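Chemist: Got a structure for you, data_13.cif, holding mmCIF, C-alpha atoms and all ligand atoms.
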data_input
loop_
_atom_site.label_atom_id
_atom_site.label_comp_id
_atom_site.auth_asym_id
_atom_site.auth_seq_id
_atom_site.Cartn_x
_atom_site.Cartn_y
_atom_site.Cartn_z
CA MET Y 688 4.34 158.91 245.32
CA VAL Y 689 2.65 157.65 242.18
CA LYS Y 690 1.37 154.10 242.39
CA VAL Y 691 3.24 151.80 240.01
CA TRP Y 692 1.50 149.92 237.20
CA GLN Y 693 -0.59 147.00 238.50
CA ALA Y 694 0.82 147.36 242.03
CA GLU Y 695 -2.08 145.40 243.57
CA GLU Y 696 -1.28 142.22 241.66
CA ILE Y 697 2.42 142.55 241.07
CA LEU Y 698 3.72 143.35 244.56
CA PRO Y 699 1.94 140.54 246.47
CA PHE Y 700 2.90 138.15 243.67
CA ALA Y 701 6.56 139.16 243.97
CA TRP Y 702 6.49 138.76 247.76
CA ASP Y 703 5.12 135.21 247.47
CA ALA Y 704 7.41 134.25 244.60
CA TYR Y 705 10.62 135.44 246.31
CA ASN Y 706 9.60 133.74 249.55
CA GLU Y 707 8.89 130.52 247.71
CA ILE Y 708 12.21 130.47 245.87
CA GLY Y 709 13.98 131.60 249.07
CA ASN Y 710 12.47 128.68 251.01
CA PHE Y 711 13.40 126.29 248.24
CA LEU Y 712 17.02 127.48 248.23
CA GLY Y 713 17.28 127.97 252.01
CA ILE Y 714 18.03 131.71 251.74
CA THR Y 715 16.30 135.02 252.49
CA ALA Y 716 15.38 136.27 249.04
CA ILE Y 717 13.19 139.19 250.09
CA SER Y 718 12.51 141.35 253.13
CA GLN Y 719 9.78 143.79 253.95
CA LYS Y 720 10.71 147.29 255.16
CA ASN Y 721 8.96 150.58 255.49
CA LEU Y 722 10.38 153.56 253.67
CA ILE Y 723 10.99 156.81 255.50
CA ASP Y 724 10.51 159.61 252.98
CA PHE Y 725 12.26 162.79 254.11
CA PHE Y 726 10.56 165.58 252.20
CA PRO Y 727 13.16 167.24 249.96
CA ASN Y 728 11.10 170.41 249.34
CA PRO Y 729 7.80 172.03 250.43
CA HIS Y 730 6.02 170.93 247.24
CA GLN Y 731 6.82 167.24 247.74
CA ARG Y 732 5.73 167.56 251.35
CA GLN Y 733 2.45 169.10 250.28
CA VAL Y 734 1.75 166.36 247.70
CA PHE Y 735 2.56 163.65 250.24
CA LEU Y 736 0.22 165.19 252.83
CA GLU Y 737 -2.56 165.48 250.26
CA ARG Y 738 -2.22 161.78 249.46
CA ILE Y 739 -2.53 160.95 253.16
CA GLU Y 740 -5.72 163.03 253.29
CA GLU Y 741 -7.06 160.93 250.40
CA ASN Y 742 -6.43 157.81 252.53
CA ASP Y 743 -3.78 156.48 250.17
CA GLU Y 744 -3.12 152.79 250.75
CA TYR Y 745 0.66 153.15 250.78
CA LEU Y 746 1.45 156.66 252.11
CA HIS Y 747 1.14 157.34 255.84
CA SER Y 748 2.04 160.03 258.33
CA TYR Y 749 4.96 159.23 260.62
CA PRO Y 750 4.19 160.35 264.19
CA GLU Y 751 7.77 160.00 265.49
CA GLN Y 752 9.03 163.00 263.52
CA ASN Y 753 12.18 163.41 265.64
CA GLN Y 754 13.20 159.77 265.66
CA PHE Y 755 15.80 160.20 262.93
CA ASN Y 756 17.37 163.40 264.25
CA PRO Y 757 20.56 161.67 265.42
CA PHE Y 758 21.17 160.34 261.90
CA PHE Y 759 19.83 162.74 259.28
CA ASN Y 760 19.28 166.41 258.47
CA TYR Y 761 15.65 166.89 257.48
CA ASP Y 762 14.05 170.27 258.03
CA LEU Y 763 10.72 169.51 256.37
CA GLY Y 764 9.80 166.34 258.23
CA CYS Y 765 9.10 162.86 256.91
CA GLY Y 766 6.36 160.46 255.92
CA GLU Y 767 6.19 156.70 255.73
CA ILE Y 768 5.58 154.45 252.72
CA ARG Y 769 4.60 150.87 253.43
CA HIS Y 770 4.82 148.15 252.49
CA CYS Y 771 8.07 148.18 250.57
CA TYR Y 772 10.21 145.19 249.73
CA ILE Y 773 13.90 144.59 249.15
CA ALA Y 774 14.65 141.73 246.78
CA HIS Y 775 18.07 140.34 247.74
CA LEU Y 776 19.40 139.66 244.28
CA GLU Y 777 22.95 139.64 245.65
CA ILE Y 778 21.95 136.52 247.60
CA LEU Y 779 19.36 135.03 245.26
CA LEU Y 780 21.24 135.08 241.96
CA PRO Y 781 24.38 133.22 243.16
CA ALA Y 782 22.24 130.67 245.05
CA TRP Y 783 20.04 130.02 242.01
CA LYS Y 784 23.08 129.80 239.76
CA GLN Y 785 24.60 127.18 242.06
CA GLN Y 786 21.35 125.21 242.06
CA LEU Y 787 21.31 125.14 238.26
CA LYS Y 788 24.97 124.16 238.12
CA ASP Y 789 24.45 121.33 240.62
CA ASN Y 790 21.68 119.99 238.36
CA LYS Y 791 23.78 120.50 235.24
CA GLN Y 792 21.16 122.90 233.87
CA LEU Y 793 23.44 125.86 233.22
CA PHE Y 794 26.08 126.45 230.59
CA GLU Y 795 28.16 129.46 231.53
CA GLU Y 796 29.03 130.56 228.03
CA ASN Y 797 28.13 133.18 225.49
CA PHE Y 798 25.06 132.22 223.47
CA GLU Y 799 25.89 132.07 219.76
CA PHE Y 800 23.02 132.60 217.37
CA GLU Y 801 24.81 130.78 214.53
CA GLU Y 802 24.51 127.58 216.57
CA LEU Y 803 20.72 127.81 216.88
CA ILE Y 804 18.72 125.63 214.49
CA ILE Y 805 14.98 126.23 214.32
CA LYS Y 806 12.96 123.26 213.22
CA GLU Y 807 9.22 123.03 212.66
CA HIS Y 808 8.33 121.76 216.15
CA SER Y 809 11.59 122.19 218.04
CA VAL Y 810 14.80 124.13 218.37
CA GLN Y 811 18.32 122.82 218.65
CA TYR Y 812 21.29 124.53 220.23
CA LYS Y 813 24.51 122.52 220.09
CA ASN Y 814 23.54 119.21 221.75
CA VAL Y 815 20.36 120.54 223.41
CA THR Y 816 17.01 119.94 221.73
CA ALA Y 817 13.92 121.66 223.10
CA GLU Y 818 10.40 122.49 222.07
CA LYS Y 819 11.02 126.21 222.53
CA ILE Y 820 13.71 128.73 223.40
CA ILE Y 821 12.96 131.75 225.58
CA PHE Y 822 15.33 134.72 225.45
CA CYS Y 823 15.87 136.59 228.72
CA ASP Y 824 18.96 138.39 227.52
CA GLY Y 825 18.34 141.92 228.76
CA LEU Y 826 19.87 144.61 226.60
CA SER Y 827 21.75 142.04 224.52
CA SER Y 828 18.41 141.78 222.69
CA PHE Y 829 19.79 144.61 220.56
CA GLY Y 830 21.98 141.97 218.95
CA ASN Y 831 19.25 139.32 218.91
CA PRO Y 832 18.15 138.75 215.31
CA PHE Y 833 14.62 137.76 216.40
CA PHE Y 834 13.88 140.67 218.68
CA ASN Y 835 16.20 143.56 217.76
CA PRO Y 836 13.40 145.65 216.13
CA LEU Y 837 11.64 145.98 219.52
CA PRO Y 838 11.45 149.55 220.87
CA PHE Y 839 13.95 149.35 223.70
CA ALA Y 840 14.89 152.65 225.35
CA PRO Y 841 17.84 151.70 227.57
CA ASN Y 842 18.70 153.93 230.44
CA LYS Y 843 21.79 154.05 232.56
CA GLY Y 844 21.82 153.97 236.34
CA GLU Y 845 24.53 154.21 238.97
CA ALA Y 846 24.74 153.53 242.67
CA LEU Y 847 27.24 153.70 245.52
CA ILE Y 848 27.60 151.01 248.16
CA VAL Y 849 28.30 152.80 251.43
CA GLU Y 850 29.08 151.81 254.98
CA VAL Y 851 27.36 153.95 257.63
CA PRO Y 852 28.31 152.71 261.11
CA GLY Y 853 25.48 153.34 263.58
CA LEU Y 854 22.67 153.80 261.06
CA PRO Y 855 19.80 151.36 261.83
CA ASP Y 856 19.05 148.99 258.94
CA LEU Y 857 15.38 148.72 259.89
CA HIS Y 858 14.11 151.10 257.19
CA ILE Y 859 14.73 152.23 253.67
CA TYR Y 860 15.49 155.97 253.70
CA LYS Y 861 14.76 158.42 250.91
CA LYS Y 862 15.54 162.05 250.24
CA GLY Y 863 16.09 162.49 246.54
CA PHE Y 864 18.26 159.36 246.63
CA LEU Y 865 17.31 156.03 248.17
CA LEU Y 866 19.46 154.66 250.97
CA SER Y 867 18.56 151.03 251.23
CA PRO Y 868 20.06 148.48 253.66
CA LEU Y 869 21.89 145.43 252.34
CA PRO Y 870 21.08 143.24 255.35
CA GLY Y 871 23.81 141.26 257.02
CA THR Y 872 26.57 143.38 255.48
CA GLY Y 873 26.30 146.64 257.46
CA ALA Y 874 26.27 148.39 254.09
CA PHE Y 875 23.66 150.47 252.24
CA TRP Y 876 22.83 150.97 248.57
CA LEU Y 877 22.71 154.64 247.61
CA GLY Y 878 21.06 155.28 244.28
CA SER Y 879 20.11 155.79 241.62
CA ASN Y 880 20.05 158.15 238.69
CA TYR Y 881 18.46 157.80 235.23
CA HIS Y 882 20.29 158.75 232.05
CA TRP Y 883 18.95 158.26 228.55
CA ASN Y 884 22.00 159.77 226.87
CA PHE Y 885 25.23 157.96 227.59
CA THR Y 886 28.24 156.68 225.75
CA ASP Y 887 28.97 153.58 227.84
CA ALA Y 888 27.81 151.64 230.89
CA ASP Y 889 30.79 152.63 233.08
CA PRO Y 890 30.59 154.37 236.47
CA THR Y 891 31.07 158.15 236.17
CA LYS Y 892 32.96 160.63 238.31
CA GLU Y 893 29.95 163.01 238.08
CA PHE Y 894 27.61 160.56 239.76
CA TYR Y 895 30.16 159.64 242.44
CA GLU Y 896 30.69 163.28 243.37
CA GLN Y 897 26.99 164.17 243.25
CA ALA Y 898 25.95 161.18 245.39
CA GLU Y 899 28.75 161.74 247.89
CA ARG Y 900 27.88 165.44 248.19
CA HIS Y 901 24.21 164.60 248.66
CA LEU Y 902 24.91 162.04 251.37
CA LYS Y 903 27.26 164.39 253.23
CA ALA Y 904 24.50 167.02 253.40
CA TRP Y 905 21.80 164.50 254.37
CA LEU Y 906 23.62 162.27 256.89
CA LYS Y 907 24.90 163.38 260.27
CA LEU Y 908 27.00 160.22 260.57
CA PRO Y 909 30.35 159.57 258.92
CA PHE Y 910 30.28 157.10 256.03
CA LYS Y 911 32.67 155.28 253.74
CA VAL Y 912 32.14 154.50 250.06
CA LEU Y 913 32.84 150.80 249.46
CA ASP Y 914 31.89 150.44 245.81
CA HIS Y 915 30.50 152.29 242.79
CA LYS Y 916 28.27 150.43 240.33
CA ALA Y 917 26.75 151.28 236.97
CA ALA Y 918 24.59 149.38 234.50
CA LEU Y 919 22.01 149.81 231.76
CA ARG Y 920 18.35 149.10 232.42
CA PRO Y 921 16.47 147.24 229.66
CA ALA Y 922 13.73 149.85 229.53
CA THR Y 923 11.18 150.20 226.74
CA LEU Y 924 9.68 153.20 224.95
CA GLU Y 925 6.17 152.61 226.29
CA ARG Y 926 7.40 151.34 229.68
CA ARG Y 927 5.77 147.93 229.37
CA PRO Y 928 7.59 144.58 229.28
CA PHE Y 929 8.02 142.28 226.28
CA VAL Y 930 6.50 138.88 227.07
CA GLY Y 931 5.44 135.92 224.96
CA LEU Y 932 6.17 133.91 221.86
CA HIS Y 933 7.34 135.62 218.70
CA PRO Y 934 4.26 136.32 216.53
CA HIS Y 935 5.92 134.76 213.48
CA GLN Y 936 8.23 132.15 215.10
CA LYS Y 937 6.20 130.02 217.47
CA ASN Y 938 9.23 128.20 218.93
CA ILE Y 939 10.91 131.41 220.08
CA GLY Y 940 9.87 133.50 223.06
CA ILE Y 941 11.01 136.48 225.09
CA LEU Y 942 10.84 137.79 228.64
CA ASN Y 943 12.42 141.22 228.66
CA GLY Y 944 11.89 144.97 228.80
CA MET Y 945 11.53 145.06 232.59
CA GLY Y 946 13.21 148.47 232.67
CA THR Y 947 13.48 150.08 236.08
CA LYS Y 948 11.28 147.45 237.73
CA GLY Y 949 12.71 144.04 236.93
CA CYS Y 950 12.62 142.91 240.57
CA SER Y 951 8.90 143.47 240.93
CA LEU Y 952 7.66 142.78 237.38
CA ALA Y 953 9.74 139.72 236.45
CA PRO Y 954 8.15 137.15 238.82
CA TYR Y 955 4.64 138.11 237.73
CA PHE Y 956 5.34 138.10 234.00
CA ALA Y 957 7.58 135.02 234.12
CA ASN Y 958 4.59 133.25 235.63
CA GLN Y 959 2.27 134.62 232.94
CA LEU Y 960 4.64 133.35 230.29
CA ALA Y 961 4.89 129.91 231.92
CA GLN Y 962 1.09 129.69 232.25
CA ASN Y 963 0.78 130.66 228.62
CA LEU Y 964 3.29 128.04 227.45
CA VAL Y 965 1.85 125.22 229.52
CA TYR Y 966 -1.88 125.98 229.70
CA ASN Y 967 -2.35 128.47 226.89
CA ILE Y 968 -3.60 131.10 229.37
CA GLU Y 969 -3.53 134.59 227.90
CA ILE Y 970 -0.75 137.04 228.65
CA ASP Y 971 -1.74 140.59 229.59
CA PRO Y 972 -2.18 142.30 226.18
CA LEU Y 973 -0.26 145.35 227.45
CA ALA Y 974 2.80 143.15 227.97
CA HIS Y 975 2.28 140.62 225.16
CA ILE Y 976 4.82 140.77 222.39
CA ASN Y 977 1.98 140.41 219.89
CA ARG Y 978 1.48 144.15 220.05
CA PHE Y 979 4.59 144.42 217.88
CA GLN Y 980 3.39 141.91 215.31
CA LYS Y 981 3.99 144.29 212.40
CA LEU Y 982 7.37 145.48 213.65
CA LEU Y 983 8.57 141.90 214.13
CA SER Y 984 7.59 140.89 210.61
CA LEU Y 985 10.06 143.35 209.05
C1 LIG Z 1001 21.31 151.30 238.98
C2 LIG Z 1001 20.09 150.40 238.79
C3 LIG Z 1001 19.13 150.37 239.79
C4 LIG Z 1001 18.03 149.55 239.64
N1 LIG Z 1001 17.12 149.52 240.66
C5 LIG Z 1001 16.06 148.70 240.56
C6 LIG Z 1001 15.10 148.63 241.61
O1 LIG Z 1001 15.23 149.30 242.66
N2 LIG Z 1001 14.05 147.80 241.47
C7 LIG Z 1001 13.86 147.05 240.35
O2 LIG Z 1001 12.87 146.31 240.26
N3 LIG Z 1001 14.75 147.09 239.33
C8 LIG Z 1001 15.83 147.91 239.40
N4 LIG Z 1001 16.72 147.97 238.37
C9 LIG Z 1001 16.37 147.30 237.10
C10 LIG Z 1001 16.70 145.81 237.10
O3 LIG Z 1001 18.05 145.62 237.41
C11 LIG Z 1001 16.37 145.25 235.69
O4 LIG Z 1001 15.00 145.48 235.40
C12 LIG Z 1001 16.65 143.76 235.62
O5 LIG Z 1001 18.00 143.49 235.88
C13 LIG Z 1001 16.28 143.19 234.26
O6 LIG Z 1001 16.46 141.81 234.33
P1 LIG Z 1001 16.70 140.92 233.05
O7 LIG Z 1001 16.96 139.54 233.56
O8 LIG Z 1001 15.59 141.12 232.06
O9 LIG Z 1001 18.00 141.50 232.33
P2 LIG Z 1001 19.50 141.49 232.88
O10 LIG Z 1001 19.54 141.68 234.34
O11 LIG Z 1001 20.26 142.44 232.01
O12 LIG Z 1001 19.97 140.00 232.60
C14 LIG Z 1001 20.25 139.54 231.28
C15 LIG Z 1001 21.22 138.39 231.42
O13 LIG Z 1001 21.44 137.78 230.13
C16 LIG Z 1001 22.81 137.49 229.98
N5 LIG Z 1001 23.11 137.48 228.54
C17 LIG Z 1001 22.83 138.44 227.63
N6 LIG Z 1001 23.28 138.06 226.41
C18 LIG Z 1001 23.83 136.83 226.54
C19 LIG Z 1001 24.47 135.92 225.64
N7 LIG Z 1001 24.59 136.17 224.32
N8 LIG Z 1001 24.93 134.75 226.15
C20 LIG Z 1001 24.79 134.44 227.47
N9 LIG Z 1001 24.20 135.28 228.36
C21 LIG Z 1001 23.74 136.46 227.90
C22 LIG Z 1001 23.50 138.65 230.70
O14 LIG Z 1001 24.81 138.27 231.04
C23 LIG Z 1001 22.60 138.81 231.92
O15 LIG Z 1001 22.99 137.94 232.95
C24 LIG Z 1001 17.86 148.77 238.47
C25 LIG Z 1001 18.83 148.80 237.47
C26 LIG Z 1001 19.93 149.62 237.63
C27 LIG Z 1001 20.97 149.62 236.53
#
Is it possible to express this structure as structure tokens?
Ligand SMILES: Cc1cc2nc3c(=O)[nH]c(=O)nc-3n(C[C@H](O)[C@H](O)[C@H](O)COP(=O)(O)OP(=O)(O)OC[C@H]3O[C@@H](n4cnc5c(N)ncnc54)[C@H](O)[C@@H]3O)c2cc1C
Modeler:
Amino acid sequence: MVKVWQAEEILPFAWDAYNEIGNFLGITAISQKNLIDFFPNPHQRQVFLERIEENDEYLHSYPEQNQFNPFFNYDLGCGEIRHCYIAHLEILLPAWKQQLKDNKQLFEENFEFEELIIKEHSVQYKNVTAEKIIFCDGLSSFGNPFFNPLPFAPNKGEALIVEVPGLPDLHIYKKGFLLSPLPGTGAFWLGSNYHWNFTDADPTKEFYEQAERHLKAWLKLPFKVLDHKAALRPATLERRPFVGLHPHQKNIGILNGMGTKGCSLAPYFANQLAQNLVYNIEIDPLAHINRFQKLLSL
């Protein structure tokens, strides 16, 4: 219900970028859906209705209040959020990987820092010489000697992949959890949670049981759990990404710290980084790595 940072620029940019790469690869990389928000408690309902009164751009009333009665239990009614997007990473990432492999532009191997040689105007990694190297290594940045002082604040998230025969895949549904269609599969993504204290990145029994219990109470239809996923999000202490060239190593750059919003933020900031590298156009100071100049000189 709170508008995300720079929504006006970032969301339309993401829509265009995913469509462009989808057209290039001949796949559907993004789809637009509305989100049906089933109010989980009277307070949330009240806040939602107040936002509608304020003519919020994204939150709307949903006149067909009984439309979802055959599928869900929802005593407090629902509202609509639009426009929302689903980035189909499960389709995009394998297709992009294949494209890079076909062009011999991808080495599927672990990057070894000992093999990296930094020269005055170039970098060399094994038999590859380049002007610059950009690290997009997610939470592995903890082990990255150039960027490990950055204030990452990783958080763990889990999700279930569920099959719900008979549930229309025309909307994203929300009531505490998100239930989001994975088009073409008949399955839905049910997630997620946020944990800042964790010992590993493995799926937990607690989440499985909590999510299953929640879905049983919310859905009127039978469902089957197909998969259980868990991973760490590369979040940052001040919830802003890390973008740009290292303040003290001009041949080394980073695009990271996308946290809970990699799908929406990454296209926008990847473009900012590319524009900066090629045309010297400034990166948003709130995302630029220069803000950690002191920290990165230690
Ligand atoms: C449960 C969950 C739900 C989420 N939901 C959403 C959502 O709804 N919307 C949204 O926008 N975001 C969501 N996210 C966050 C999103 O997944 C991240 O922001 C995004 O994945 C970050 O992308 P990245 O490329 O920076 O890092 P990563 O996705 O972590 O990618 C880093 C890559 O670098 C590779 N790598 C690292 N080290 C090395 C090395 N030494 N050698 C070779 N390769 C290496 C890794 O293998 C990996 O492929 C969610 C995350 C989780 C866990």
Chemist: May I have the residues within 7 Å of ligand LIG 1001 (chain Z), computed using only C-alpha atoms and all ligand atoms, as a ChimeraX atom specification?
Modeler: /Y:796-799,823-827,843-846,878-880,917-921,942-952
Chemist: Generate a file of the selected residues that holds C-alpha atoms, formatted as an mmCIF file, keeping the file's coordinate frame.
Modeler:
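What ended up in part12.cif:
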data_model
loop_
_atom_site.group_PDB
_atom_site.id
_atom_site.type_symbol
_atom_site.label_atom_id
_atom_site.label_comp_id
_atom_site.auth_asym_id
_atom_site.auth_seq_id
_atom_site.Cartn_x
_atom_site.Cartn_y
_atom_site.Cartn_z
ATOM 1 C CA GLU Y 796 29.030 130.560 228.030
ATOM 2 C CA ASN Y 797 28.130 133.180 225.490
ATOM 3 C CA PHE Y 798 25.060 132.220 223.470
ATOM 4 C CA GLU Y 799 25.890 132.070 219.760
ATOM 5 C CA CYS Y 823 15.870 136.590 228.720
ATOM 6 C CA ASP Y 824 18.960 138.390 227.520
ATOM 7 C CA GLY Y 825 18.340 141.920 228.760
ATOM 8 C CA LEU Y 826 19.870 144.610 226.600
ATOM 9 C CA SER Y 827 21.750 142.040 224.520
ATOM 10 C CA LYS Y 843 21.790 154.050 232.560
ATOM 11 C CA GLY Y 844 21.820 153.970 236.340
ATOM 12 C CA GLU Y 845 24.530 154.210 238.970
ATOM 13 C CA ALA Y 846 24.740 153.530 242.670
ATOM 14 C CA GLY Y 878 21.060 155.280 244.280
ATOM 15 C CA SER Y 879 20.110 155.790 241.620
ATOM 16 C CA ASN Y 880 20.050 158.150 238.690
ATOM 17 C CA ALA Y 917 26.750 151.280 236.970
ATOM 18 C CA ALA Y 918 24.590 149.380 234.500
ATOM 19 C CA LEU Y 919 22.010 149.810 231.760
ATOM 20 C CA ARG Y 920 18.350 149.100 232.420
ATOM 21 C CA PRO Y 921 16.470 147.240 229.660
ATOM 22 C CA LEU Y 942 10.840 137.790 228.640
ATOM 23 C CA ASN Y 943 12.420 141.220 228.660
ATOM 24 C CA GLY Y 944 11.890 144.970 228.800
ATOM 25 C CA MET Y 945 11.530 145.060 232.590
ATOM 26 C CA GLY Y 946 13.210 148.470 232.670
ATOM 27 C CA THR Y 947 13.480 150.080 236.080
ATOM 28 C CA LYS Y 948 11.280 147.450 237.730
ATOM 29 C CA GLY Y 949 12.710 144.040 236.930
ATOM 30 C CA CYS Y 950 12.620 142.910 240.570
ATOM 31 C CA SER Y 951 8.900 143.470 240.930
ATOM 32 C CA LEU Y 952 7.660 142.780 237.380
#
Chemist: Set out as a tab-separated table a contact list for segment 831-934 of chain Y and segment 750-765 of chain Y with a cut-off of 7 Å, giving each residue of segment 831-934 of chain Y that qualifies its closest atom pair and distance in Å to one decimal, counting all atoms listed in the file, ordered by chain and rising residue number.
Modeler:
residue	atom	partner	partner_atom	distance
Y:Leu854	CA	Y:Phe758	CA	6.8
Y:Trp905	CA	Y:Asn760	CA	5.2
Y:Leu906	CA	Y:Phe759	CA	4.5
Y:Lys907	CA	Y:Phe758	CA	5.1
Y:Leu908	CA	Y:Phe758	CA	6.0
Chemist: Which residue, Y:Ala922, Y:Leu712, Y:Leu960, Y:Leu698, has the smallest gap to His770 of chain Y when you use all atoms listed in the file?
Modeler: Y:Leu698
Chemist: From the options Y:Tyr745, Y:Phe794, Y:Tyr812, Y:Phe839, which residue's atoms come nearest to Val691 of chain Y, counting all atoms listed in the file?
Modeler: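 Checking each candidate against Val691 of chain Y, we get Y:Tyr745 as the closest.
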Chemist: Which one of Y:Leu877, Y:Ile717, Y:Val689, Y:Leu837 sits closest to Val851 of chain Y if you count all atoms listed in the file?
Modeler: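 Counting all atoms listed in the file, the residue closest to Val851 of chain Y is Y:Leu877.
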